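Undergrad: For reference, this is final_33.cif, and it has mmCIF, C-alpha atoms and all ligand atoms.
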data_structure
loop_
_atom_site.label_atom_id
_atom_site.label_comp_id
_atom_site.auth_asym_id
_atom_site.auth_seq_id
_atom_site.Cartn_x
_atom_site.Cartn_y
_atom_site.Cartn_z
CA MET F 183 0.00 0.00 0.00
CA SER F 184 1.47 3.37 -0.92
CA ILE F 185 0.78 6.53 1.04
CA GLU F 186 0.48 9.84 -0.81
CA HIS F 187 2.18 12.76 0.95
CA GLU F 188 1.57 16.37 0.12
CA ALA F 189 4.85 18.23 -0.46
CA PHE F 190 5.54 21.73 0.91
CA GLU F 191 5.72 24.85 -1.26
CA SER F 192 7.62 27.14 1.06
CA VAL F 193 10.16 26.29 3.74
CA ASP F 194 11.47 28.71 6.38
CA LEU F 195 14.41 27.53 8.44
CA ILE F 196 15.08 29.56 11.59
CA VAL F 197 18.66 28.80 12.51
CA TRP F 198 20.89 29.57 15.46
CA SER F 199 24.43 28.32 14.97
CA GLY F 200 27.74 28.86 16.75
CA THR F 201 30.54 27.52 14.59
CA GLY F 202 28.49 26.84 11.45
CA ASN F 203 27.48 23.16 11.81
CA THR F 204 23.79 23.87 12.17
CA ARG F 205 23.90 26.52 9.47
CA HIS F 206 25.53 23.98 7.14
CA VAL F 207 22.68 21.53 7.85
CA ALA F 208 20.06 24.24 7.24
CA GLU F 209 21.64 25.25 3.94
CA ARG F 210 21.69 21.63 2.84
CA ILE F 211 17.98 21.25 3.67
CA ALA F 212 17.26 24.47 1.76
CA GLY F 213 19.16 23.02 -1.23
CA THR F 214 17.07 19.84 -1.12
CA ALA F 215 13.91 21.95 -0.86
CA GLY F 216 14.99 23.82 -3.99
CA THR F 217 15.47 20.60 -5.94
CA LEU F 218 11.98 19.51 -4.85
CA GLY F 219 10.52 22.75 -6.21
CA ALA F 220 9.90 24.51 -2.87
CA SER F 221 11.10 28.02 -2.12
CA ALA F 222 13.35 27.95 0.94
CA ARG F 223 14.79 30.61 3.22
CA VAL F 224 17.49 30.22 5.87
CA LEU F 225 16.78 32.84 8.54
CA SER F 226 19.17 33.73 11.32
CA SER F 227 16.56 35.64 13.31
CA ILE F 228 12.90 35.18 14.14
CA PRO F 229 10.88 36.38 11.10
CA ALA F 230 8.06 38.92 11.38
CA ASP F 231 4.56 37.51 10.98
CA ASP F 232 3.89 39.60 7.86
CA ALA F 233 6.91 38.00 6.14
CA ARG F 234 5.04 34.72 5.84
CA PRO F 235 5.13 33.37 2.29
CA ILE F 236 2.13 32.00 0.41
CA GLY F 237 1.47 28.28 -0.11
CA ARG F 238 1.78 25.19 2.08
CA ARG F 239 4.45 26.14 4.55
CA LEU F 240 6.94 24.18 6.61
CA LEU F 241 8.75 25.93 9.42
CA GLY F 242 11.98 24.45 10.76
CA PHE F 243 13.71 25.34 14.05
CA LEU F 244 17.40 24.45 14.06
CA ALA F 245 20.12 24.84 16.71
CA PRO F 246 23.02 22.91 18.24
CA THR F 247 22.62 20.82 21.40
CA HIS F 248 24.07 22.43 24.52
CA GLY F 249 24.16 20.65 27.88
CA PHE F 250 21.95 17.76 26.64
CA THR F 251 19.17 20.20 25.83
CA ALA F 252 18.37 23.18 23.62
CA PRO F 253 20.33 26.44 23.96
CA TRP F 254 18.37 29.53 25.07
CA PRO F 255 17.98 30.96 21.52
CA LEU F 256 16.04 27.84 20.47
CA TRP F 257 13.71 28.12 23.48
CA LYS F 258 13.21 31.77 22.58
CA ALA F 259 12.43 30.97 18.94
CA ALA F 260 9.96 28.27 20.01
CA LEU F 261 8.24 30.72 22.36
CA MET F 262 8.34 33.89 20.25
CA THR F 263 8.10 33.01 16.56
CA PRO F 264 4.80 34.43 15.33
CA GLY F 265 2.34 32.58 13.13
CA VAL F 266 3.04 29.03 14.32
CA ARG F 267 -0.60 28.16 15.05
CA GLY F 268 -1.79 25.66 12.46
CA THR F 269 1.64 25.61 10.76
CA ASP F 270 3.63 22.46 10.08
CA VAL F 271 6.89 22.63 12.01
CA PHE F 272 9.93 20.52 12.81
CA VAL F 273 12.76 20.85 15.33
CA LEU F 274 16.18 19.64 14.26
CA VAL F 275 19.35 19.91 16.32
CA THR F 276 22.95 19.11 15.59
CA ARG F 277 24.91 17.26 18.23
CA GLY F 278 28.56 16.51 18.85
CA GLY F 279 29.69 13.64 16.67
CA THR F 280 33.13 12.22 17.42
CA ARG F 281 35.65 9.92 15.74
CA VAL F 282 37.98 7.53 17.52
CA GLY F 283 40.30 5.74 15.13
CA ARG F 284 38.09 5.00 12.13
CA LYS F 285 34.93 4.65 14.20
CA LEU F 286 32.29 7.38 14.31
CA PHE F 287 30.23 8.00 17.46
CA SER F 288 26.99 9.92 17.85
CA GLY F 289 26.39 12.83 20.20
CA PHE F 290 23.53 12.96 22.66
CA GLU F 291 20.72 15.50 22.27
CA GLY F 292 18.67 14.55 25.35
CA THR F 293 15.67 16.90 25.53
CA ALA F 294 16.96 19.36 22.89
CA THR F 295 14.32 18.57 20.27
CA CYS F 296 11.25 17.33 22.13
CA LEU F 297 10.87 20.04 24.77
CA PRO F 298 10.96 22.97 22.27
CA ALA F 299 8.64 20.88 20.05
CA ALA F 300 6.27 20.53 23.03
CA ILE F 301 6.22 24.34 23.42
CA LEU F 302 5.42 24.71 19.73
CA ALA F 303 2.67 22.10 20.02
CA ILE F 304 1.16 23.97 22.98
CA ARG F 305 1.23 27.10 20.81
CA GLY F 306 -0.86 25.27 18.23
CA ALA F 307 1.80 24.17 15.72
CA ARG F 308 1.49 20.82 13.95
CA ILE F 309 4.70 18.96 14.79
CA ARG F 310 5.87 17.10 11.67
CA GLY F 311 9.16 15.89 13.03
CA VAL F 312 12.10 16.06 15.39
CA GLY F 313 15.61 14.85 14.73
CA ALA F 314 19.32 15.15 15.44
CA ILE F 315 22.27 15.29 13.06
CA ASP F 316 25.80 14.33 14.11
CA MET F 317 28.27 17.06 13.24
CA PRO F 318 31.78 17.58 14.64
CA LEU F 319 31.87 18.25 18.39
CA ASN F 320 32.89 21.91 18.60
CA TRP F 321 33.43 22.50 22.33
CA THR F 322 37.03 23.66 21.87
CA VAL F 323 37.32 25.25 25.29
CA ILE F 324 37.09 21.70 26.71
CA HIS F 325 38.96 19.65 24.08
CA PRO F 326 41.13 20.26 20.99
CA ALA F 327 39.18 20.27 17.72
CA PHE F 328 39.35 17.28 15.37
CA GLY F 329 41.81 17.32 12.49
CA PRO F 330 40.58 17.88 8.90
CA GLU F 331 40.29 14.15 8.09
CA SER F 332 38.04 13.44 11.07
CA VAL F 333 35.99 16.58 10.47
CA SER F 334 35.38 15.56 6.88
CA ALA F 335 34.40 11.98 7.90
CA ILE F 336 31.95 13.25 10.54
CA VAL F 337 30.48 15.89 8.23
CA SER F 338 30.07 13.36 5.45
CA ARG F 339 27.96 11.14 7.75
CA GLY F 340 26.06 14.23 8.96
CA ASP F 341 25.28 15.14 5.34
CA THR F 342 23.82 11.68 4.74
CA GLN F 343 21.66 12.00 7.88
CA THR F 344 20.57 15.50 6.79
CA ASP F 345 19.60 14.38 3.30
CA ALA F 346 17.56 11.47 4.66
CA PHE F 347 15.73 13.76 7.11
CA ALA F 348 15.18 16.48 4.47
CA THR F 349 13.83 14.16 1.80
CA ARG F 350 11.27 12.65 4.15
CA ILE F 351 10.11 15.79 5.93
CA LEU F 352 9.99 17.95 2.79
CA GLY F 353 8.04 15.22 1.04
CA GLY F 354 5.35 15.54 3.68
CA GLN F 355 6.20 12.53 5.86
CA ALA F 356 6.35 12.72 9.65
CA VAL F 357 9.82 12.03 11.02
CA PHE F 358 10.25 11.34 14.71
CA GLY F 359 13.66 10.21 15.95
CA GLY F 360 15.44 10.16 19.29
CA LEU F 361 12.72 8.93 21.67
CA PRO F 362 15.21 6.85 23.77
CA GLN F 363 17.40 9.96 23.97
CA LEU F 364 14.37 11.92 25.20
CA ALA F 365 13.74 9.39 28.00
CA LEU F 366 17.35 9.62 29.18
CA GLY F 367 17.34 13.40 28.62
CA LEU F 368 14.34 13.74 30.95
CA LEU F 369 16.13 11.66 33.60
CA ILE F 370 19.13 13.99 33.50
CA LEU F 371 17.05 17.15 33.15
CA PRO F 372 18.44 18.46 36.49
CA LEU F 373 21.91 18.30 34.90
CA SER F 374 20.67 20.24 31.86
CA LEU F 375 19.08 22.84 34.14
CA GLY F 376 22.35 23.09 36.07
CA TYR F 377 24.12 23.67 32.76
CA MET F 378 21.66 26.34 31.58
CA LEU F 379 21.42 28.26 34.85
CA ILE F 380 24.90 27.91 36.34
CA ALA F 381 27.57 26.17 34.22
CA ARG F 382 26.75 28.28 31.16
CA LEU F 383 27.46 31.46 33.14
CA MET F 384 30.76 30.09 34.48
CA LEU F 385 31.80 28.93 31.03
CA ALA F 386 30.98 32.35 29.57
CA LYS F 387 33.28 33.91 32.13
CA MET F 388 36.16 31.57 31.28
CA PHE F 389 36.92 33.45 28.08
CA PHE F 390 39.69 35.98 27.87
CA ALA F 391 42.07 37.35 25.26
CA ASP F 392 45.79 36.73 25.76
CA GLU F 393 48.74 38.90 24.75
CA ASN F 394 48.22 38.03 21.03
CA CYS F 395 44.97 40.06 20.97
CA THR F 396 45.19 43.00 18.56
CA SER F 397 41.78 44.46 19.60
CA CYS F 398 40.64 43.96 15.98
CA GLY F 399 37.03 43.52 17.15
CA THR F 400 36.30 40.31 15.17
CA CYS F 401 34.95 38.60 18.32
CA GLU F 402 32.60 41.50 19.02
CA LYS F 403 31.41 41.63 15.40
CA ILE F 404 30.67 37.95 14.89
CA CYS F 405 29.14 37.05 18.27
CA PRO F 406 25.55 35.89 17.55
CA GLN F 407 24.41 37.09 20.99
CA GLY F 408 26.15 40.47 21.11
CA ALA F 409 27.85 39.07 24.23
CA VAL F 410 31.41 40.24 23.54
CA ARG F 411 32.26 43.91 24.07
CA LEU F 412 35.58 45.67 23.59
CA ARG F 413 36.07 47.61 26.80
CA GLY F 414 38.49 50.07 28.34
CA ALA F 415 41.04 52.36 26.71
CA ALA F 416 42.89 49.32 25.30
CA GLY F 417 39.72 47.87 23.74
CA ARG F 418 40.05 44.43 25.30
CA PRO F 419 37.21 41.89 24.80
CA TYR F 420 34.89 41.29 27.77
CA TRP F 421 32.35 38.43 27.81
CA THR F 422 28.92 39.16 29.31
CA PHE F 423 26.39 36.70 30.71
CA HIS F 424 24.61 36.77 27.31
CA CYS F 425 27.35 34.42 26.04
CA GLN F 426 26.04 30.96 25.08
CA ASN F 427 29.52 29.35 24.78
CA CYS F 428 28.85 28.75 21.10
CA MET F 429 32.62 28.89 20.36
CA ARG F 430 32.28 31.17 17.35
CA CYS F 431 34.64 33.81 18.81
CA MET F 432 37.28 31.35 19.97
CA SER F 433 37.19 29.43 16.69
CA ASN F 434 37.51 32.49 14.49
CA CYS F 435 39.89 34.85 16.27
CA PRO F 436 42.48 35.73 13.57
CA THR F 437 45.36 35.52 16.06
CA GLU F 438 43.95 32.63 18.13
CA ALA F 439 44.18 34.94 21.12
CA ILE F 440 40.94 33.79 22.76
CA GLN F 441 41.50 31.29 25.56
CA GLY F 442 39.39 29.72 28.27
CA SER F 443 40.79 29.91 31.78
CA GLN F 444 40.42 26.49 33.41
CA SER F 445 42.01 27.81 36.60
CA TRP F 446 39.37 30.56 36.85
CA MET F 447 36.65 27.97 36.28
CA LEU F 448 37.93 26.07 39.34
CA LEU F 449 37.87 29.31 41.31
CA TYR F 450 34.22 29.92 40.32
CA ILE F 451 33.26 26.38 41.35
CA TRP F 452 35.02 26.73 44.69
CA LEU F 453 33.57 30.18 45.45
CA SER F 454 30.04 29.23 44.46
CA ALA F 455 30.22 26.09 46.65
CA LEU F 456 30.67 28.30 49.73
CA PRO F 457 27.21 28.52 51.31
CA PHE F 458 27.28 32.30 51.98
CA GLY F 459 24.10 33.06 49.99
CA ALA F 460 21.96 30.50 51.83
CA VAL F 461 23.52 31.37 55.22
CA ALA F 462 22.83 35.10 54.72
CA ALA F 463 19.24 34.30 53.73
CA ALA F 464 18.79 32.02 56.77
CA PHE F 465 20.06 34.81 59.02
CA VAL F 466 17.49 37.29 57.65
CA LEU F 467 14.68 34.70 57.60
CA ASP F 468 15.41 33.80 61.24
CA ALA F 469 15.29 37.48 62.19
CA LEU F 470 11.90 37.70 60.46
CA ASN F 471 10.72 34.46 62.14
CA VAL F 472 9.90 32.78 58.82
CA PRO F 473 9.13 29.10 59.56
CA ALA F 474 10.64 26.16 57.68
CA GLY F 475 8.70 25.31 54.55
CA PHE F 476 8.53 25.89 50.81
CA ALA F 477 8.79 29.71 50.95
CA ARG F 478 11.85 29.57 53.19
CA GLY F 479 13.53 26.90 51.02
CA LEU F 480 12.81 28.95 47.91
CA VAL F 481 14.33 32.13 49.37
CA GLU F 482 17.42 30.22 50.53
CA GLY F 483 17.77 28.59 47.11
CA LEU F 484 17.42 31.90 45.27
CA SER F 485 19.97 33.54 47.58
CA GLY F 486 22.39 30.70 46.90
CA TYR F 487 21.90 31.25 43.17
CA ALA F 488 22.37 35.02 43.50
CA TRP F 489 25.60 34.33 45.43
CA THR F 490 26.86 32.10 42.57
CA VAL F 491 26.07 34.71 39.90
CA ALA F 492 27.64 37.49 41.97
CA THR F 493 30.85 35.54 42.68
CA VAL F 494 31.26 34.58 39.02
CA TRP F 495 30.75 38.19 37.97
CA LEU F 496 33.16 39.47 40.60
CA GLY F 497 35.74 36.77 39.85
CA TYR F 498 35.62 37.65 36.15
CA THR F 499 36.00 41.36 36.88
CA LEU F 500 39.21 40.50 38.78
CA LEU F 501 40.43 38.34 35.90
CA TRP F 502 39.68 41.06 33.34
CA MET F 503 41.45 43.73 35.37
CA GLY F 504 44.43 41.43 35.96
CA LEU F 505 44.71 40.95 32.21
CA LEU F 506 45.36 44.70 31.80
CA VAL F 507 48.63 44.30 33.72
CA PRO F 508 51.30 42.92 31.30
CA GLY F 509 53.10 40.58 33.75
CA VAL F 510 49.83 39.23 35.18
CA ARG F 511 48.43 38.80 31.65
CA PHE F 512 51.48 36.73 30.73
CA ALA F 513 51.01 34.47 33.78
CA LEU F 514 47.24 34.08 33.29
CA SER F 515 47.70 33.33 29.58
CA ARG F 516 49.93 30.42 30.44
CA ALA F 517 47.59 28.96 33.06
CA THR F 518 45.32 27.35 30.45
CA PHE F 519 45.43 24.28 28.21
CA THR F 520 43.52 26.01 25.41
CA ARG F 521 46.78 27.58 24.21
CA PHE F 522 47.61 24.12 22.85
CA TYR F 523 44.16 23.29 21.43
CA ARG F 524 43.44 23.23 17.70
CA ARG F 525 40.50 25.53 16.84
CA TYR F 526 37.39 24.26 15.06
CA ARG F 527 37.00 26.17 11.79
CA GLY F 528 33.55 24.85 10.89
CA PRO F 529 32.34 21.98 8.69
CA THR F 530 34.12 23.24 5.56
CA ASP F 531 37.22 24.43 7.46
CA SER F 532 36.66 27.92 6.08
CA GLY F 533 35.82 29.69 9.34
CA TYR F 534 32.72 31.72 10.03
CA SER F 535 31.59 34.18 7.36
CA THR F 536 29.44 37.18 8.29
CA GLN F 537 28.21 37.15 4.69
CA ALA F 538 26.32 33.96 5.55
CA GLU F 539 23.79 35.96 7.58
C1 LIG E 1 28.68 24.53 25.25
C2 LIG E 1 28.47 23.31 24.41
C3 LIG E 1 27.68 22.27 24.87
C4 LIG E 1 27.48 21.14 24.09
N1 LIG E 1 26.69 20.14 24.56
C5 LIG E 1 26.46 19.04 23.79
C6 LIG E 1 25.63 17.98 24.25
O1 LIG E 1 25.06 18.04 25.34
N2 LIG E 1 25.46 16.90 23.46
C7 LIG E 1 26.05 16.80 22.22
O2 LIG E 1 25.86 15.78 21.55
N3 LIG E 1 26.83 17.80 21.75
C8 LIG E 1 27.04 18.92 22.49
N4 LIG E 1 27.82 19.94 22.00
C9 LIG E 1 28.33 19.86 20.62
C10 LIG E 1 27.49 20.70 19.64
O3 LIG E 1 26.11 20.51 19.85
C11 LIG E 1 27.80 20.32 18.18
O4 LIG E 1 29.16 20.35 17.93
C12 LIG E 1 27.03 21.21 17.22
O5 LIG E 1 27.06 20.61 15.96
C13 LIG E 1 27.58 22.62 17.10
O6 LIG E 1 26.80 23.33 16.17
P1 LIG E 1 27.07 24.82 15.71
O7 LIG E 1 28.38 24.82 14.96
O8 LIG E 1 25.94 25.15 14.79
O9 LIG E 1 27.10 25.66 16.92
C14 LIG E 1 28.07 21.05 22.78
C15 LIG E 1 28.87 22.10 22.33
C16 LIG E 1 29.07 23.21 23.13
C17 LIG E 1 29.95 24.32 22.60
#
Using structure tokens, write down the structure that the file contains.
Ligand SMILES: Cc1cc2nc3c(=O)[nH]c(=O)nc-3n(C[C@H](O)[C@H](O)[C@H](O)COP(=O)(O)O)c2cc1C
TA:
Amino acid sequence: MSIEHEAFESVDLIVWSGTGNTRHVAERIAGTAGTLGASARVLSSIPADDARPIGRRLLGFLAPTHGFTAPWPLWKAALMTPGVRGTDVFVLVTRGGTRVGRKLFSGFEGTATCLPAAILAIRGARIRGVGAIDMPLNWTVIHPAFGPESVSAIVSRGDTQTDAFATRILGGQAVFGGLPQLALGLLILPLSLGYMLIARLMLAKMFFADENCTSCGTCEKICPQGAVRLRGAAGRPYWTFHCQNCMRCMSNCPTEAIQGSQSWMLLYIWLSALPFGAVAAAFVLDALNVPAGFARGLVEGLSGYAWTVATVWLGYTLLWMGLLVPGVRFALSRATFTRFYRRYRGPTDSGYSTQAE
């Protein structure tokens, strides 16, 4: 028995990408859409409602996986994109594929596709599919990037996965993958929350520019979140809490001056583990005679969180000011492994191009 599927006439792909993997996937899907006779757009920001094209429309939401879930920009797109009610949509993420010897391994997307898809469903969208594509792991503040041969092997498998997903979804079929990953992702949701609310902030404040920085402003220009600012008379880059650790700045600095300070990360972890926030809250709550219970626990928890954010901010301010002093900058620049890490230059090894957007 054959099933007839109605193909789509227009395809809008809303993409958030750090080092270009997800953008590469989106462009490939747009290419397949073109060969199937659909008009396709790759959009790097949420489109206005009045920009909706005519015809049967498919809307795709694409982003990398961060911390076994979706990064904030994907949550935002799922919540804010206008005109999703009654529209066919899919959520597709890329995840960190790896290669050991000749063997390729998949990344793990956890809840990255299904939870944003659930938001879209609640908003009245018709979910046509969710999926994950394995592209090179790009977390180069944690590990050195793969060499060109491994990158090309991983991308080649990712392209095959992308084409299979695109052909089916653009042809009107429903595509649902990754349900076991969702089950495990839900189990480790507290870890993902910890990543989104705490680790992400600490990781953002690991970045600094070493003595090779020429203050050229590339990092500020290409940051997709506007999270890097050149500050002070010397114009040195400063990372704000808007940073999503997407690695675009570190991967594309022309002098490879951007490093991640592992020693400062340890300092943040140690400082935030000190229970000052909760102790201060308990002191005030005792003075106000607030009894034990949910409200008291909530206030203590929020104070603990505020303490973490404040210590990370303060710690980073110290790091940034230390970097203005030549001798201290030299010492800090050497207290990191990222000086020895190969940078990830994207799926085609060509670096990030602002013309892509
Ligand atoms: C901060 C950060 C967190 C990541 N977390 C995960 C993860 O939980 N699971 C996974 O499979 N890959 C993870 N990755 C790898 C990326 O999802 C993957 O390399 C993706 O293709 C990058 O896409 P982009 O170039 O469009 O940003 C992570 C990468 C970064 C930088």
Undergrad: Using only C-alpha atoms, which protein or nucleic acid residues come within 8 Å of Leu319 of chain F? Drop anything in the same chain fewer than 6 positions from it, and give the result as a ChimeraX atom specification.
TA: /F:277-280,289,327
Undergrad: Give me, as an MDAnalysis selection string, all polymer residues having an atom no more than 9 Å from Ala252 of chain F, counting all atoms listed in the file and skipping those fewer than 3 positions away in the same chain.
TA: chainID F and resid 245:249 255:257 275 291:295 297:298
Undergrad: With distances taken over all atoms listed in the file, which of F:Phe290, F:Ile336, F:Thr204, F:Ala300 is nearest to Gly360 of chain F?
TA: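 Nearest candidate to Gly360 of chain F out of F:Phe290, F:Ile336, F:Thr204, F:Ala300: F:Phe290.
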Undergrad: Go through F:Gly313, F:Pro508, F:Gly483, F:Pro253 and flag the residue nearest Arg350 of chain F, using all atoms listed in the file for the distances.
TA: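 Smallest distance to Arg350 of chain F is found for F:Gly313.
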Undergrad: Which of these, F:Arg511, F:Arg524, F:Arg382, F:Arg305, has the shortest distance to ligand LIG 1 (chain E) once you count only C-alpha atoms and all ligand atoms?
TA: F:Arg382
Undergrad: Counting only C-alpha atoms and all ligand atoms, which residue out of F:Val312, F:Ile301, F:Ala381, F:Leu364 sits closest to ligand LIG 1 (chain E)?
TA: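 Ranking F:Val312, F:Ile301, F:Ala381, F:Leu364 by distance to ligand LIG 1 (chain E), first place goes to F:Ala381.
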Undergrad: Find the spatial neighbours of segment 188-198 of chain F, counting only C-alpha atoms, within a cut-off of 8 Å - ignore same-chain residues fewer than 2 positions away - and output them as a PDB file with C-alpha atoms, keeping the file's coordinate frame.
TA:
ATOM      1  CA  GLU F 186       0.480   9.840  -0.810  1.00  0.00           C
ATOM      2  CA  GLY F 200      27.740  28.860  16.750  1.00  0.00           C
ATOM      3  CA  THR F 204      23.790  23.870  12.170  1.00  0.00           C
ATOM      4  CA  ARG F 205      23.900  26.520   9.470  1.00  0.00           C
ATOM      5  CA  ALA F 208      20.060  24.240   7.240  1.00  0.00           C
ATOM      6  CA  ALA F 212      17.260  24.470   1.760  1.00  0.00           C
ATOM      7  CA  ALA F 215      13.910  21.950  -0.860  1.00  0.00           C
ATOM      8  CA  GLY F 219      10.520  22.750  -6.210  1.00  0.00           C
ATOM      9  CA  ALA F 220       9.900  24.510  -2.870  1.00  0.00           C
ATOM     10  CA  SER F 221      11.100  28.020  -2.120  1.00  0.00           C
ATOM     11  CA  ALA F 222      13.350  27.950   0.940  1.00  0.00           C
ATOM     12  CA  ARG F 223      14.790  30.610   3.220  1.00  0.00           C
ATOM     13  CA  VAL F 224      17.490  30.220   5.870  1.00  0.00           C
ATOM     14  CA  LEU F 225      16.780  32.840   8.540  1.00  0.00           C
ATOM     15  CA  SER F 226      19.170  33.730  11.320  1.00  0.00           C
ATOM     16  CA  SER F 227      16.560  35.640  13.310  1.00  0.00           C
ATOM     17  CA  ILE F 228      12.900  35.180  14.140  1.00  0.00           C
ATOM     18  CA  PRO F 235       5.130  33.370   2.290  1.00  0.00           C
ATOM     19  CA  ILE F 236       2.130  32.000   0.410  1.00  0.00           C
ATOM     20  CA  GLY F 237       1.470  28.280  -0.110  1.00  0.00           C
ATOM     21  CA  ARG F 238       1.780  25.190   2.080  1.00  0.00           C
ATOM     22  CA  ARG F 239       4.450  26.140   4.550  1.00  0.00           C
ATOM     23  CA  LEU F 240       6.940  24.180   6.610  1.00  0.00           C
ATOM     24  CA  LEU F 241       8.750  25.930   9.420  1.00  0.00           C
ATOM     25  CA  GLY F 242      11.980  24.450  10.760  1.00  0.00           C
ATOM     26  CA  PHE F 243      13.710  25.340  14.050  1.00  0.00           C
ATOM     27  CA  LEU F 244      17.400  24.450  14.060  1.00  0.00           C
ATOM     28  CA  ALA F 245      20.120  24.840  16.710  1.00  0.00           C
ATOM     29  CA  PRO F 246      23.020  22.910  18.240  1.00  0.00           C
ATOM     30  CA  PRO F 255      17.980  30.960  21.520  1.00  0.00           C
ATOM     31  CA  LEU F 256      16.040  27.840  20.470  1.00  0.00           C
ATOM     32  CA  ALA F 259      12.430  30.970  18.940  1.00  0.00           C
ATOM     33  CA  LEU F 352       9.990  17.950   2.790  1.00  0.00           C
ATOM     34  CA  GLY F 353       8.040  15.220   1.040  1.00  0.00           C
ATOM     35  CA  GLY F 354       5.350  15.540   3.680  1.00  0.00           C
TER      36      GLY F 354
END
Undergrad: Go ahead and compute the interatomic distance for atom CA of His325 of chain F and atom CA of Phe519 of chain F, in Å to one decimal.
TA: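 Value for the atom CA of His325 of chain F-atom CA of Phe519 of chain F distance: 9.0 Å.
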Undergrad: For a quick check of understanding, using all atoms listed in the file, which of F:Leu449, F:Cys428, F:Leu361, F:Val510 has the smallest distance to ligand LIG 1 (chain E)?
TA: F:Cys428
Undergrad: If you count all atoms listed in the file, which residues fall within 9 Å of Glu482 of chain F, apart from same-chain ones fewer than 5 positions away, as a ChimeraX atom specification?
TA: /F:459-464,467,477,487
Undergrad: Hey, which of F:Ile309, F:Met317, F:Val323, F:Ala230 ends up closest to Val271 of chain F? Count all atoms listed in the file.
TA: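 The shortest atom-to-atom distance to Val271 of chain F comes from F:Ile309.
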Undergrad: Within 9 Å of Leu371 of chain F, counting all atoms listed in the file, which residues show up once you throw out same-chain ones fewer than 2 positions away? Write them as an MDAnalysis selection string, please.
TA: chainID F and resid 250:251 292:293 366:369 373:376
Undergrad: Take the residues that were just selected and, keeping C-alpha atoms, output them as a PDB file, in the frame of the given file.
TA:
ATOM      1  CA  PHE F 250      21.950  17.760  26.640  1.00  0.00           C
ATOM      2  CA  THR F 251      19.170  20.200  25.830  1.00  0.00           C
ATOM      3  CA  GLY F 292      18.670  14.550  25.350  1.00  0.00           C
ATOM      4  CA  THR F 293      15.670  16.900  25.530  1.00  0.00           C
ATOM      5  CA  LEU F 366      17.350   9.620  29.180  1.00  0.00           C
ATOM      6  CA  GLY F 367      17.340  13.400  28.620  1.00  0.00           C
ATOM      7  CA  LEU F 368      14.340  13.740  30.950  1.00  0.00           C
ATOM      8  CA  LEU F 369      16.130  11.660  33.600  1.00  0.00           C
ATOM      9  CA  LEU F 373      21.910  18.300  34.900  1.00  0.00           C
ATOM     10  CA  SER F 374      20.670  20.240  31.860  1.00  0.00           C
ATOM     11  CA  LEU F 375      19.080  22.840  34.140  1.00  0.00           C
ATOM     12  CA  GLY F 376      22.350  23.090  36.070  1.00  0.00           C
TER      13      GLY F 376
END
Undergrad: Tell me, in Å to one decimal, how far atom C10 of ligand LIG 1 (chain E) is from atom CA of Thr396 of chain F.
TA: 28.5 Å
Undergrad: Step by step: start from the point (26.8, 39.9, 22.1) in the file's coordinates, keep every protein, DNA or RNA residue that has an atom no farther than 12 Å from it, count only C-alpha atoms, and write the set as a list in words.
TA: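 The answer, in the requested form, is Ala386, Gly399, Thr400, Cys401, Glu402, Lys403, Ile404, Cys405, Pro406, Gln407, Gly408, Ala409, Val410, Arg411, Leu412, Pro419, Tyr420, Trp421, Thr422, Phe423, His424, Cys425, Gln426, Asn427, Cys428, Arg430 and Cys431 of chain F.
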Undergrad: Calculate how many Å separate atom CA of Met429 of chain F from atom C17 of ligand LIG 1 (chain E), rounding to one decimal.
TA: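 Going from atom CA of Met429 of chain F over to atom C17 of ligand LIG 1 (chain E), I get 5.7 Å.
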Undergrad: Using the file's own x, y and z axes, so that the box edges lie along x, y and z, what centre and edge lengths in Å (one decimal) does a box around every listed atom of segment 356-375 of chain F get when 5 Å is added on each side? Give it as lines of an AutoDock Vina configuration file.
TA:
center_x = 14.1
center_y = 14.8
center_z = 23.1
size_x = 25.6
size_y = 26.0
size_z = 36.8
